[in-house]
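Novice: query21.cif is reproduced below (mmCIF, C-alpha atoms).
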data_structure
#
loop_
_atom_site.label_atom_id
_atom_site.label_comp_id
_atom_site.auth_asym_id
_atom_site.auth_seq_id
_atom_site.Cartn_x
_atom_site.Cartn_y
_atom_site.Cartn_z
CA MET A 1110 16.42 79.01 -87.28
CA LEU A 1111 13.58 81.33 -88.33
CA VAL A 1112 12.45 83.01 -91.54
CA GLY A 1113 13.48 80.08 -93.70
CA LEU A 1114 17.21 80.45 -93.29
CA SER A 1115 19.49 77.49 -93.50
CA SER A 1116 22.08 77.36 -90.76
CA ASN A 1117 24.81 78.39 -93.18
CA TYR A 1118 23.53 81.61 -94.68
CA LEU A 1119 25.15 84.59 -92.99
CA ARG A 1120 28.92 84.37 -92.81
CA ARG A 1121 31.04 86.06 -95.47
CA GLY A 1122 34.29 84.18 -95.21
CA LEU A 1123 36.59 83.71 -92.26
CA LEU A 1124 38.21 86.31 -90.09
CA SER A 1125 41.38 87.36 -91.81
CA SER A 1126 43.13 87.21 -88.46
CA ALA A 1127 42.23 83.55 -88.06
CA ALA A 1128 44.38 80.80 -89.47
CA ARG A 1129 43.22 79.79 -92.93
CA SER A 1130 43.84 76.38 -94.39
CA PRO A 1131 45.61 76.64 -97.73
CA ARG A 1132 43.52 75.27 -100.56
CA LEU A 1133 45.18 74.35 -103.81
CA LEU A 1134 42.92 74.84 -106.79
CA SER A 1135 42.77 72.22 -109.49
CA SER A 1136 43.33 73.23 -113.09
CA ALA A 1137 39.58 73.05 -113.54
CA ARG A 1138 39.16 75.97 -111.14
CA ILE A 1139 41.37 78.47 -112.89
CA ALA A 1140 41.32 80.07 -116.30
CA PRO A 1141 44.65 79.26 -117.96
CA SER A 1142 45.87 81.70 -120.58
CA LEU A 1143 47.42 78.95 -122.68
CA SER A 1144 44.18 76.99 -123.03
CA PRO A 1145 41.10 77.48 -125.23
CA ASN A 1146 39.48 79.23 -122.24
CA TYR A 1147 41.54 82.33 -122.87
CA THR A 1148 41.47 84.49 -126.00
CA ALA A 1149 44.38 86.65 -127.11
CA GLY A 1150 43.17 90.18 -127.75
CA MET A 1151 40.14 89.73 -125.51
CA LYS A 1152 37.50 92.36 -124.80
CA VAL A 1153 37.34 93.54 -121.19
CA LEU A 1154 34.18 95.47 -120.30
CA ALA A 1155 34.10 97.58 -117.13
CA VAL A 1156 30.98 99.26 -115.74
CA LEU A 1157 32.02 101.92 -113.25
CA TYR A 1158 30.48 105.07 -111.83
CA LYS A 1159 30.88 108.56 -113.30
CA GLY A 1160 33.32 110.67 -111.34
CA GLY A 1161 32.94 114.00 -113.15
CA ASP A 1162 35.11 116.91 -112.05
CA ALA A 1163 35.98 115.15 -108.80
CA ALA A 1164 37.63 112.29 -110.69
CA THR A 1165 39.55 114.69 -112.90
CA GLN A 1166 40.82 116.59 -109.89
CA GLU A 1167 41.49 113.47 -107.80
CA PRO A 1168 43.23 110.67 -109.74
CA ARG A 1169 42.95 108.37 -106.73
CA LEU A 1170 39.24 108.00 -107.53
CA LEU A 1171 40.19 104.83 -109.37
CA GLY A 1172 36.74 103.28 -109.42
CA THR A 1173 35.39 105.87 -111.88
CA ILE A 1174 34.98 105.86 -115.64
CA GLU A 1175 37.55 108.64 -115.82
CA ASN A 1176 40.34 106.78 -114.00
CA GLN A 1177 39.27 103.28 -115.06
CA LEU A 1178 40.85 101.33 -112.19
CA GLY A 1179 44.25 102.32 -113.61
CA LEU A 1180 44.04 99.40 -116.06
CA ARG A 1181 43.87 100.89 -119.55
CA SER A 1182 47.54 101.32 -120.44
CA TRP A 1183 48.43 97.89 -119.04
CA LEU A 1184 45.61 96.02 -120.80
CA GLU A 1185 46.15 97.79 -124.09
CA SER A 1186 49.89 97.11 -123.93
CA LEU A 1187 48.98 93.42 -123.88
CA GLY A 1188 46.77 93.81 -126.93
CA HIS A 1189 43.40 93.69 -125.21
CA GLU A 1190 40.38 95.92 -125.82
CA TYR A 1191 39.15 97.82 -122.76
CA ILE A 1192 35.65 99.29 -122.79
CA VAL A 1193 34.70 101.45 -119.80
CA THR A 1194 31.23 102.90 -119.26
CA ASP A 1195 28.68 103.97 -116.68
CA ASP A 1196 25.80 103.42 -119.14
CA LYS A 1197 24.16 100.26 -117.87
CA GLU A 1198 20.37 100.46 -118.15
CA GLY A 1199 18.39 99.00 -121.04
CA SER A 1200 19.10 97.00 -124.16
CA GLU A 1201 20.68 99.98 -125.92
CA SER A 1202 23.14 100.67 -123.10
CA VAL A 1203 26.87 100.42 -123.71
CA PHE A 1204 26.93 97.65 -121.11
CA GLN A 1205 24.46 95.41 -122.89
CA LYS A 1206 25.78 96.10 -126.38
CA HIS A 1207 29.36 95.13 -125.49
CA LEU A 1208 28.39 92.29 -123.18
CA ALA A 1209 27.55 90.17 -126.21
CA ASP A 1210 31.21 89.55 -127.05
CA ALA A 1211 33.06 90.55 -123.88
CA GLU A 1212 35.27 87.88 -122.33
CA VAL A 1213 35.69 89.66 -118.99
CA LEU A 1214 33.17 91.84 -117.16
CA ILE A 1215 34.35 94.13 -114.37
CA SER A 1216 31.59 95.62 -112.24
CA THR A 1217 31.32 97.36 -108.90
CA PRO A 1218 28.84 97.29 -106.01
CA PHE A 1219 28.67 101.08 -106.05
CA HIS A 1220 27.19 101.33 -109.56
CA PRO A 1221 26.21 97.71 -110.19
CA ALA A 1222 25.80 96.29 -113.66
CA TYR A 1223 22.94 93.87 -113.02
CA LEU A 1224 23.90 90.67 -114.83
CA THR A 1225 20.58 88.84 -114.94
CA ARG A 1226 19.99 85.31 -116.17
CA GLU A 1227 18.67 86.74 -119.43
CA LEU A 1228 21.87 88.71 -119.97
CA VAL A 1229 24.03 85.73 -119.02
CA GLU A 1230 22.31 83.80 -121.81
CA LYS A 1231 23.19 86.54 -124.29
CA ALA A 1232 26.83 86.83 -123.15
CA LYS A 1233 28.09 84.01 -125.33
CA ASN A 1234 31.78 84.82 -124.89
CA LEU A 1235 31.78 85.72 -121.20
CA LYS A 1236 34.20 83.67 -119.10
CA LEU A 1237 35.08 85.83 -116.11
CA CYS A 1238 33.25 88.36 -113.93
CA ILE A 1239 35.25 90.47 -111.50
CA THR A 1240 33.68 92.57 -108.79
CA ALA A 1241 35.94 95.55 -108.11
CA GLY A 1242 35.10 95.52 -104.42
CA VAL A 1243 33.13 93.04 -102.33
CA GLY A 1244 29.65 91.70 -102.98
CA SER A 1245 28.63 89.94 -106.19
CA ASP A 1246 24.89 89.77 -105.62
CA HIS A 1247 24.26 91.93 -108.71
CA ILE A 1248 25.22 88.85 -110.74
CA ASP A 1249 22.84 85.91 -111.17
CA LEU A 1250 25.27 83.47 -109.59
CA ASN A 1251 23.25 80.36 -110.32
CA ALA A 1252 23.15 81.28 -114.01
CA ALA A 1253 26.91 81.86 -113.94
CA VAL A 1254 27.43 78.39 -112.48
CA GLU A 1255 25.36 76.83 -115.24
CA LYS A 1256 27.33 78.64 -117.95
CA ARG A 1257 30.69 77.94 -116.26
CA ILE A 1258 31.40 81.66 -115.89
CA GLN A 1259 33.87 82.34 -113.11
CA VAL A 1260 33.01 85.07 -110.60
CA LEU A 1261 35.68 86.63 -108.40
CA GLU A 1262 35.79 89.63 -106.10
CA VAL A 1263 38.51 91.48 -104.21
CA SER A 1264 37.84 89.92 -100.85
CA GLY A 1265 38.81 92.03 -97.86
CA SER A 1266 39.34 95.21 -99.87
CA ASN A 1267 36.59 97.10 -98.07
CA VAL A 1268 36.37 95.53 -94.61
CA VAL A 1269 38.01 98.33 -92.63
CA SER A 1270 36.26 101.04 -94.64
CA VAL A 1271 32.81 99.58 -94.10
CA ALA A 1272 33.37 98.73 -90.43
CA GLU A 1273 34.35 102.34 -89.75
CA HIS A 1274 31.25 103.55 -91.60
CA VAL A 1275 29.09 101.31 -89.42
CA ILE A 1276 30.52 102.83 -86.24
CA MET A 1277 30.01 106.34 -87.62
CA SER A 1278 26.40 105.52 -88.53
CA ILE A 1279 25.64 104.08 -85.10
CA LEU A 1280 26.99 107.18 -83.41
CA LEU A 1281 25.20 109.68 -85.63
CA LEU A 1282 21.90 107.92 -84.92
CA VAL A 1283 22.35 107.42 -81.19
CA ARG A 1284 23.64 110.96 -80.68
CA ASN A 1285 20.93 112.47 -82.94
CA PHE A 1286 23.66 114.18 -84.93
CA VAL A 1287 21.92 114.89 -88.25
CA PRO A 1288 19.04 116.99 -86.81
CA ALA A 1289 21.58 118.82 -84.63
CA HIS A 1290 23.64 119.76 -87.65
CA GLU A 1291 20.60 120.68 -89.74
CA GLN A 1292 19.47 122.99 -86.94
CA ILE A 1293 22.77 124.84 -87.08
CA GLU A 1294 22.58 125.11 -90.88
CA ARG A 1295 19.16 126.73 -90.56
CA GLY A 1296 20.59 129.34 -88.23
CA ASP A 1297 18.68 127.99 -85.24
CA TRP A 1298 19.87 127.13 -81.73
CA GLN A 1299 17.55 125.02 -79.61
CA VAL A 1300 19.50 122.50 -77.56
CA SER A 1301 16.43 120.82 -76.08
CA GLU A 1302 15.02 119.93 -79.49
CA VAL A 1303 18.14 117.85 -80.18
CA ALA A 1304 19.03 116.60 -76.71
CA ARG A 1305 15.60 115.06 -76.09
CA ASN A 1306 16.50 112.25 -78.50
CA ALA A 1307 20.27 112.02 -77.95
CA PHE A 1308 21.78 109.13 -75.99
CA ASP A 1309 25.11 107.60 -75.05
CA LEU A 1310 26.30 104.43 -76.74
CA GLU A 1311 27.80 103.31 -73.44
CA GLY A 1312 25.49 100.92 -71.63
CA LYS A 1313 23.56 99.89 -74.74
CA VAL A 1314 23.23 96.41 -76.23
CA VAL A 1315 24.61 96.31 -79.78
CA GLY A 1316 24.26 93.32 -82.09
CA THR A 1317 25.47 92.40 -85.56
CA ILE A 1318 23.66 90.18 -88.04
CA GLY A 1319 26.68 88.43 -89.51
CA ALA A 1320 30.05 88.20 -87.77
CA GLY A 1321 32.40 87.63 -90.69
CA ARG A 1322 35.17 89.94 -91.84
CA ILE A 1323 33.15 93.14 -91.49
CA GLY A 1324 30.85 92.15 -88.65
CA TYR A 1325 33.74 91.06 -86.47
CA ARG A 1326 35.63 94.29 -87.11
CA VAL A 1327 32.53 96.20 -86.06
CA LEU A 1328 32.51 94.26 -82.78
CA GLN A 1329 36.22 95.03 -82.28
CA ARG A 1330 35.62 98.74 -82.77
CA LEU A 1331 32.70 98.75 -80.34
CA VAL A 1332 34.73 97.33 -77.44
CA PRO A 1333 36.12 100.71 -76.25
CA PHE A 1334 32.60 102.17 -76.00
CA ASP A 1335 31.86 100.04 -72.93
CA THR A 1336 28.51 98.85 -74.20
CA LYS A 1337 26.29 96.79 -71.91
CA GLU A 1338 26.72 93.77 -74.18
CA LEU A 1339 27.81 92.84 -77.68
CA LEU A 1340 25.74 90.20 -79.46
CA TYR A 1341 26.00 88.45 -82.80
CA TYR A 1342 23.69 86.33 -84.94
CA ASP A 1343 25.47 84.04 -87.36
CA TYR A 1344 25.11 80.52 -88.70
CA ALA A 1345 28.40 79.52 -87.06
CA ALA A 1346 29.93 80.42 -83.74
CA LEU A 1347 33.02 82.58 -83.73
CA PRO A 1348 36.25 80.82 -82.75
CA GLU A 1349 36.38 80.78 -78.96
CA GLN A 1350 39.33 83.14 -78.68
CA ALA A 1351 37.84 85.57 -81.20
CA ALA A 1352 34.58 85.73 -79.26
CA LYS A 1353 36.42 86.22 -75.97
CA ALA A 1354 38.52 89.02 -77.44
CA VAL A 1355 35.41 91.13 -78.06
CA LYS A 1356 33.30 89.62 -75.26
CA ALA A 1357 30.53 88.87 -77.73
CA ARG A 1358 27.64 86.48 -77.08
CA ARG A 1359 25.98 84.51 -79.86
CA VAL A 1360 22.17 84.41 -80.07
CA GLU A 1361 20.93 81.68 -82.40
CA ASP A 1362 17.30 82.78 -82.74
CA LEU A 1363 16.93 85.89 -84.90
CA LYS A 1364 13.77 87.23 -83.28
CA GLU A 1365 15.26 86.69 -79.83
CA PHE A 1366 18.43 88.41 -81.02
CA VAL A 1367 16.76 91.61 -82.22
CA SER A 1368 14.51 91.76 -79.14
CA GLN A 1369 17.61 92.18 -76.96
CA CYS A 1370 19.37 94.86 -79.00
CA ASP A 1371 19.26 98.62 -78.70
CA VAL A 1372 21.27 98.82 -81.93
CA VAL A 1373 21.22 96.27 -84.77
CA THR A 1374 23.76 96.41 -87.58
CA VAL A 1375 23.46 94.28 -90.72
CA ASN A 1376 26.75 92.81 -91.96
CA CYS A 1377 25.83 89.75 -94.02
CA PRO A 1378 25.76 89.06 -97.77
CA LEU A 1379 22.66 89.26 -99.93
CA HIS A 1380 21.36 86.02 -101.42
CA GLU A 1381 18.15 83.99 -101.51
CA GLY A 1382 18.28 83.37 -97.77
CA THR A 1383 18.80 86.97 -96.63
CA ARG A 1384 16.71 88.93 -99.15
CA GLY A 1385 13.96 90.64 -97.16
CA LEU A 1386 15.38 89.28 -93.91
CA VAL A 1387 14.50 92.46 -92.00
CA ASN A 1388 10.81 92.63 -92.79
CA ALA A 1389 7.62 93.83 -91.12
CA ASP A 1390 7.32 90.68 -89.02
CA LEU A 1391 10.88 90.84 -87.72
CA LEU A 1392 10.65 94.57 -87.03
CA LYS A 1393 7.79 93.87 -84.60
CA HIS A 1394 10.29 91.99 -82.45
CA PHE A 1395 12.78 94.90 -82.26
CA LYS A 1396 12.85 96.91 -79.07
CA LYS A 1397 10.65 99.94 -79.59
CA GLY A 1398 12.93 102.84 -80.43
CA ALA A 1399 15.89 100.70 -81.51
CA TRP A 1400 18.35 101.90 -84.13
CA LEU A 1401 19.10 99.94 -87.31
CA VAL A 1402 22.20 100.29 -89.50
CA ASN A 1403 22.59 98.54 -92.84
CA THR A 1404 25.79 98.83 -94.89
CA ALA A 1405 25.48 95.30 -96.31
CA ARG A 1406 22.86 95.33 -99.08
CA GLY A 1407 19.66 97.33 -99.33
CA ALA A 1408 17.48 94.38 -100.31
CA ILE A 1409 18.21 92.62 -97.01
CA CYS A 1410 15.80 95.15 -95.49
CA ASP A 1411 12.26 95.57 -96.79
CA LYS A 1412 12.21 99.22 -97.86
CA ASP A 1413 8.55 99.88 -97.09
CA ALA A 1414 8.58 98.01 -93.77
CA VAL A 1415 11.66 99.90 -92.59
CA ALA A 1416 10.18 103.24 -93.68
CA GLU A 1417 6.94 102.51 -91.83
CA ALA A 1418 8.80 101.36 -88.70
CA LEU A 1419 10.82 104.57 -88.65
CA LYS A 1420 7.78 106.75 -89.31
CA SER A 1421 5.84 105.08 -86.50
CA GLY A 1422 8.69 105.23 -83.98
CA GLN A 1423 9.16 101.47 -83.77
CA LEU A 1424 12.63 102.33 -85.05
CA ASN A 1425 14.24 105.49 -83.74
CA GLY A 1426 16.68 105.61 -86.62
CA TYR A 1427 17.83 103.95 -89.83
CA ALA A 1428 21.22 104.61 -91.41
CA GLY A 1429 23.44 103.11 -94.06
CA ASP A 1430 24.53 103.53 -97.64
CA VAL A 1431 22.98 100.59 -99.49
CA TRP A 1432 19.74 100.62 -101.46
CA ASN A 1433 17.68 97.88 -103.05
CA VAL A 1434 18.27 99.52 -106.45
CA GLN A 1435 21.32 101.66 -107.19
CA PRO A 1436 21.30 104.52 -108.00
CA ALA A 1437 18.25 104.90 -105.77
CA PRO A 1438 15.17 106.50 -107.37
CA ARG A 1439 14.51 110.09 -106.36
CA ASP A 1440 11.28 109.06 -104.66
CA HIS A 1441 12.80 106.22 -102.65
CA PRO A 1442 11.28 106.44 -99.15
CA TRP A 1443 14.63 106.01 -97.41
CA ARG A 1444 15.79 109.36 -98.79
CA THR A 1445 13.38 111.39 -96.68
CA VAL A 1446 11.59 109.26 -94.08
CA LYS A 1447 12.03 110.39 -90.47
CA ASN A 1448 10.99 109.35 -87.00
CA PRO A 1449 8.13 111.16 -85.21
CA LEU A 1450 10.58 113.75 -83.87
CA GLY A 1451 11.84 114.64 -87.34
CA GLY A 1452 15.18 112.84 -87.21
CA GLY A 1453 16.59 109.35 -87.38
CA ASN A 1454 17.64 109.29 -91.03
CA GLY A 1455 21.33 108.65 -91.68
CA MET A 1456 21.15 107.43 -95.28
CA VAL A 1457 23.79 108.33 -97.85
CA ALA A 1458 24.84 107.13 -101.30
CA HIS A 1459 26.72 103.83 -101.43
CA TYR A 1460 30.26 104.89 -100.60
CA SER A 1461 31.30 103.17 -97.37
CA GLY A 1462 33.48 100.66 -99.22
CA THR A 1463 34.87 103.06 -101.80
CA THR A 1464 37.04 105.40 -99.78
CA LEU A 1465 40.26 106.37 -101.53
CA ASP A 1466 42.09 103.76 -99.45
CA ALA A 1467 39.57 101.06 -100.42
CA GLN A 1468 39.77 102.06 -104.08
CA ALA A 1469 43.52 101.55 -104.08
CA ARG A 1470 42.98 98.07 -102.64
CA TYR A 1471 40.23 96.95 -104.99
CA ALA A 1472 41.94 98.41 -108.07
CA ALA A 1473 45.12 96.49 -107.23
CA GLY A 1474 43.08 93.38 -106.51
CA THR A 1475 41.23 93.62 -109.81
CA ARG A 1476 44.50 93.85 -111.68
CA SER A 1477 45.86 90.85 -109.78
CA ILE A 1478 42.81 88.75 -110.68
CA LEU A 1479 43.09 89.78 -114.33
CA GLN A 1480 46.80 89.06 -114.40
CA ASN A 1481 46.29 85.61 -112.92
CA TYR A 1482 43.62 84.91 -115.52
CA ILE A 1483 45.79 86.08 -118.39
CA GLU A 1484 48.87 84.22 -117.20
CA GLY A 1485 47.05 81.05 -116.20
CA LYS A 1486 47.97 81.31 -112.53
CA GLU A 1487 45.88 80.14 -109.61
CA GLN A 1488 43.59 82.75 -108.12
CA GLU A 1489 43.63 83.51 -104.41
CA ALA A 1490 41.08 81.14 -102.92
CA GLN A 1491 39.43 83.84 -100.81
CA ASN A 1492 38.54 85.81 -103.96
CA ILE A 1493 36.69 83.01 -105.73
CA ILE A 1494 32.92 83.05 -105.54
CA ILE A 1495 32.37 80.75 -108.51
CA GLY A 1496 35.02 78.64 -110.21
CA LEU A 1497 34.56 76.42 -113.22
CA SER A 1498 33.38 73.68 -110.88
CA GLY A 1499 30.68 75.84 -109.30
CA TYR A 1500 30.43 77.64 -105.98
CA GLU A 1501 33.72 77.95 -104.08
CA THR A 1502 32.34 79.83 -101.07
CA LYS A 1503 29.61 79.60 -98.47
CA ALA A 1504 29.28 83.39 -98.36
CA TYR A 1505 26.16 83.26 -100.54
CA GLY A 1506 24.51 80.41 -98.69
CA GLN A 1507 25.31 76.74 -98.23
CA ARG A 1508 26.48 75.71 -101.68
CA LYS A 1509 29.29 73.20 -101.09
#
Translate this structure into structure tokens?
Specialist:
Amino acid sequence: MLVGLSSNYLRRGLLSSAARSPRLLSSARIAPSLSPNYTAGMKVLAVLYKGGDAATQEPRLLGTIENQLGLRSWLESLGHEYIVTDDKEGSESVFQKHLADAEVLISTPFHPAYLTRELVEKAKNLKLCITAGVGSDHIDLNAAVEKRIQVLEVSGSNVVSVAEHVIMSILLLVRNFVPAHEQIERGDWQVSEVARNAFDLEGKVVGTIGAGRIGYRVLQRLVPFDTKELLYYDYAALPEQAAKAVKARRVEDLKEFVSQCDVVTVNCPLHEGTRGLVNADLLKHFKKGAWLVNTARGAICDKDAVAEALKSGQLNGYAGDVWNVQPAPRDHPWRTVKNPLGGGNGMVAHYSGTTLDAQARYAAGTRSILQNYIEGKEQEAQNIIIGLSGYETKAYGQRK
């Protein structure tokens, strides 16, 4: 395979619809509450995003500092300290100050607390990291392995939400929706200016980089659009019946894959093997005028290369909700870059996986992980990124 990828780098878990072999975890892979690994009256630190008036008016915005994943009364009733903040940047931040003696860190992909190797070294009491959502790339996972810090996430909590966002993003690019709406907002009415860059999705070739839980659901949702062909690029072939169900063809060479696609959607995890995967060299192999959607992680795509490809017309559109740094700087090129016709930008803040439905799922999942930790019960195998024995998943590259 190209660009230095091992053959095991793209899949995030199995399809939830596929049979999964039960895996019993040894006592070394869980954090028992009745052992020295667990401290009564522990400090739990949560870094969430600020919800403001919206969170006050809508209590289902559970992933905010105002509504605190619905955990405060429960944790405090058990005698634990619960610190919740959105202040995460710099040594004087609430995050870094409380990290020094926190036993559990809860973070979220939507307002990530970047747990670097340096901070792992300073977190002398840290035993468990929980991602309230899916995607733990904001944590230095190798450092966590070395320090025997467990890392878990609420696997599957966002798969439907993100897959739907992918389909929406594809359609708004292909149909040239954003410029059409902006025209109406300006009080204008010039159909030709919009229609000259609007197409049907039917008859196009659409491909996904990564065909795991989210990527496969994207393929499922594309079937009714009667595309010319559905393709996927992944380290492992889909189960035969799963591939037949969506009539998807696997392409094993990445450059060959993108050269065949009218639309490319990125649905793989971020790690050493996928960082900068969509770069200037790969973009040269895209069909001229292709559309690119990325709801996986911003750093999978080179920000400057993508901006230049869109500006030049090599890409006709770029859409998604993930940025290489979050919150994105005001001068980030993806905020404003457009194609030569003045459209093609479908970027939004990172919210695809934090719909109200998704928040209910990842809040419940976070509580379940915490409860298992406190009570010394086995964690659900699909949620474990790092156990006390090291990596328990291939989602972040071939580790086992």
Novice: Quick one: which residues end up in the PyMOL selection byres ((chain A and resi 1397) around 9) for this structure, as a PyMOL selection string?
Specialist: chain A and resi 1371+1393-1396+1398-1399+1422-1425
Novice: Which is closer to Gly1496 in chain A than all the others in A:Ile1239, A:Leu1339, A:Ile1293, A:Cys1410, using all atoms listed in the file?
Specialist: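 Nearest to Gly1496 in chain A: A:Ile1239.
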Novice: Calculated over all atoms listed in the file, which of the candidates A:Leu1178, A:Leu1392, A:Leu1228, A:Leu1331 has the smallest distance to Ile1279 in chain A?
Specialist: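 Of all the options, A:Leu1331 lies closest to Ile1279 in chain A.
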Novice: Taking the file above as input, evaluate the PyMOL selection byres ((chain A and resi 1355-1368) around 8) and report the hits as a ChimeraX atom specification.
Specialist: /A:1110-1111,1316,1328-1329,1332,1338-1344,1346,1351-1354,1369-1370,1373,1391,1394-1396
Novice: Of the candidates A:Leu1310, A:Leu1157, A:Ala1289, A:Leu1386, which one gets nearest to Gly1242 in chain A if we count only C-alpha atoms?
Specialist: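 Once distances to Gly1242 in chain A are computed over only C-alpha atoms, the minimum belongs to A:Leu1157.
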Novice: Would you mind writing range 1303-1317 of chain A with N, CA and C atoms, as a PDB file, keeping the file's coordinate frame?
Specialist:
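Saved to part.pdb:
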ATOM      1  N   VAL A1303      17.206 118.900 -79.777  1.00  0.00           N
ATOM      2  CA  VAL A1303      18.140 117.850 -80.180  1.00  0.00           C
ATOM      3  C   VAL A1303      18.400 116.888 -79.030  1.00  0.00           C
ATOM      4  N   ALA A1304      18.620 117.418 -77.856  1.00  0.00           N
ATOM      5  CA  ALA A1304      19.030 116.600 -76.710  1.00  0.00           C
ATOM      6  C   ALA A1304      17.930 115.643 -76.255  1.00  0.00           C
ATOM      7  N   ARG A1305      16.677 115.941 -76.563  1.00  0.00           N
ATOM      8  CA  ARG A1305      15.600 115.060 -76.090  1.00  0.00           C
ATOM      9  C   ARG A1305      15.628 113.689 -76.759  1.00  0.00           C
ATOM     10  N   ASN A1306      16.402 113.558 -77.841  1.00  0.00           N
ATOM     11  CA  ASN A1306      16.500 112.250 -78.500  1.00  0.00           C
ATOM     12  C   ASN A1306      17.949 111.851 -78.722  1.00  0.00           C
ATOM     13  N   ALA A1307      18.840 112.345 -77.865  1.00  0.00           N
ATOM     14  CA  ALA A1307      20.270 112.020 -77.950  1.00  0.00           C
ATOM     15  C   ALA A1307      20.652 111.149 -76.757  1.00  0.00           C
ATOM     16  N   PHE A1308      21.411 110.092 -77.020  1.00  0.00           N
ATOM     17  CA  PHE A1308      21.780 109.130 -75.990  1.00  0.00           C
ATOM     18  C   PHE A1308      23.263 108.821 -76.057  1.00  0.00           C
ATOM     19  N   ASP A1309      23.751 108.136 -75.033  1.00  0.00           N
ATOM     20  CA  ASP A1309      25.110 107.600 -75.050  1.00  0.00           C
ATOM     21  C   ASP A1309      25.093 106.182 -75.602  1.00  0.00           C
ATOM     22  N   LEU A1310      26.154 105.804 -76.290  1.00  0.00           N
ATOM     23  CA  LEU A1310      26.300 104.430 -76.740  1.00  0.00           C
ATOM     24  C   LEU A1310      26.704 103.526 -75.571  1.00  0.00           C
ATOM     25  N   GLU A1311      27.419 104.068 -74.624  1.00  0.00           N
ATOM     26  CA  GLU A1311      27.800 103.310 -73.440  1.00  0.00           C
ATOM     27  C   GLU A1311      26.548 102.761 -72.747  1.00  0.00           C
ATOM     28  N   GLY A1312      26.609 101.513 -72.340  1.00  0.00           N
ATOM     29  CA  GLY A1312      25.490 100.920 -71.630  1.00  0.00           C
ATOM     30  C   GLY A1312      24.398 100.351 -72.512  1.00  0.00           C
ATOM     31  N   LYS A1313      24.559 100.444 -73.828  1.00  0.00           N
ATOM     32  CA  LYS A1313      23.560  99.890 -74.740  1.00  0.00           C
ATOM     33  C   LYS A1313      23.971  98.485 -75.184  1.00  0.00           C
ATOM     34  N   VAL A1314      22.987  97.732 -75.654  1.00  0.00           N
ATOM     35  CA  VAL A1314      23.230  96.410 -76.230  1.00  0.00           C
ATOM     36  C   VAL A1314      23.287  96.569 -77.748  1.00  0.00           C
ATOM     37  N   VAL A1315      24.406  96.164 -78.335  1.00  0.00           N
ATOM     38  CA  VAL A1315      24.610  96.310 -79.780  1.00  0.00           C
ATOM     39  C   VAL A1315      24.822  94.927 -80.370  1.00  0.00           C
ATOM     40  N   GLY A1316      24.135  94.626 -81.465  1.00  0.00           N
ATOM     41  CA  GLY A1316      24.260  93.320 -82.090  1.00  0.00           C
ATOM     42  C   GLY A1316      24.477  93.410 -83.579  1.00  0.00           C
ATOM     43  N   THR A1317      25.223  92.468 -84.123  1.00  0.00           N
ATOM     44  CA  THR A1317      25.470  92.400 -85.560  1.00  0.00           C
ATOM     45  C   THR A1317      24.853  91.142 -86.149  1.00  0.00           C
TER      46      THR A1317
END
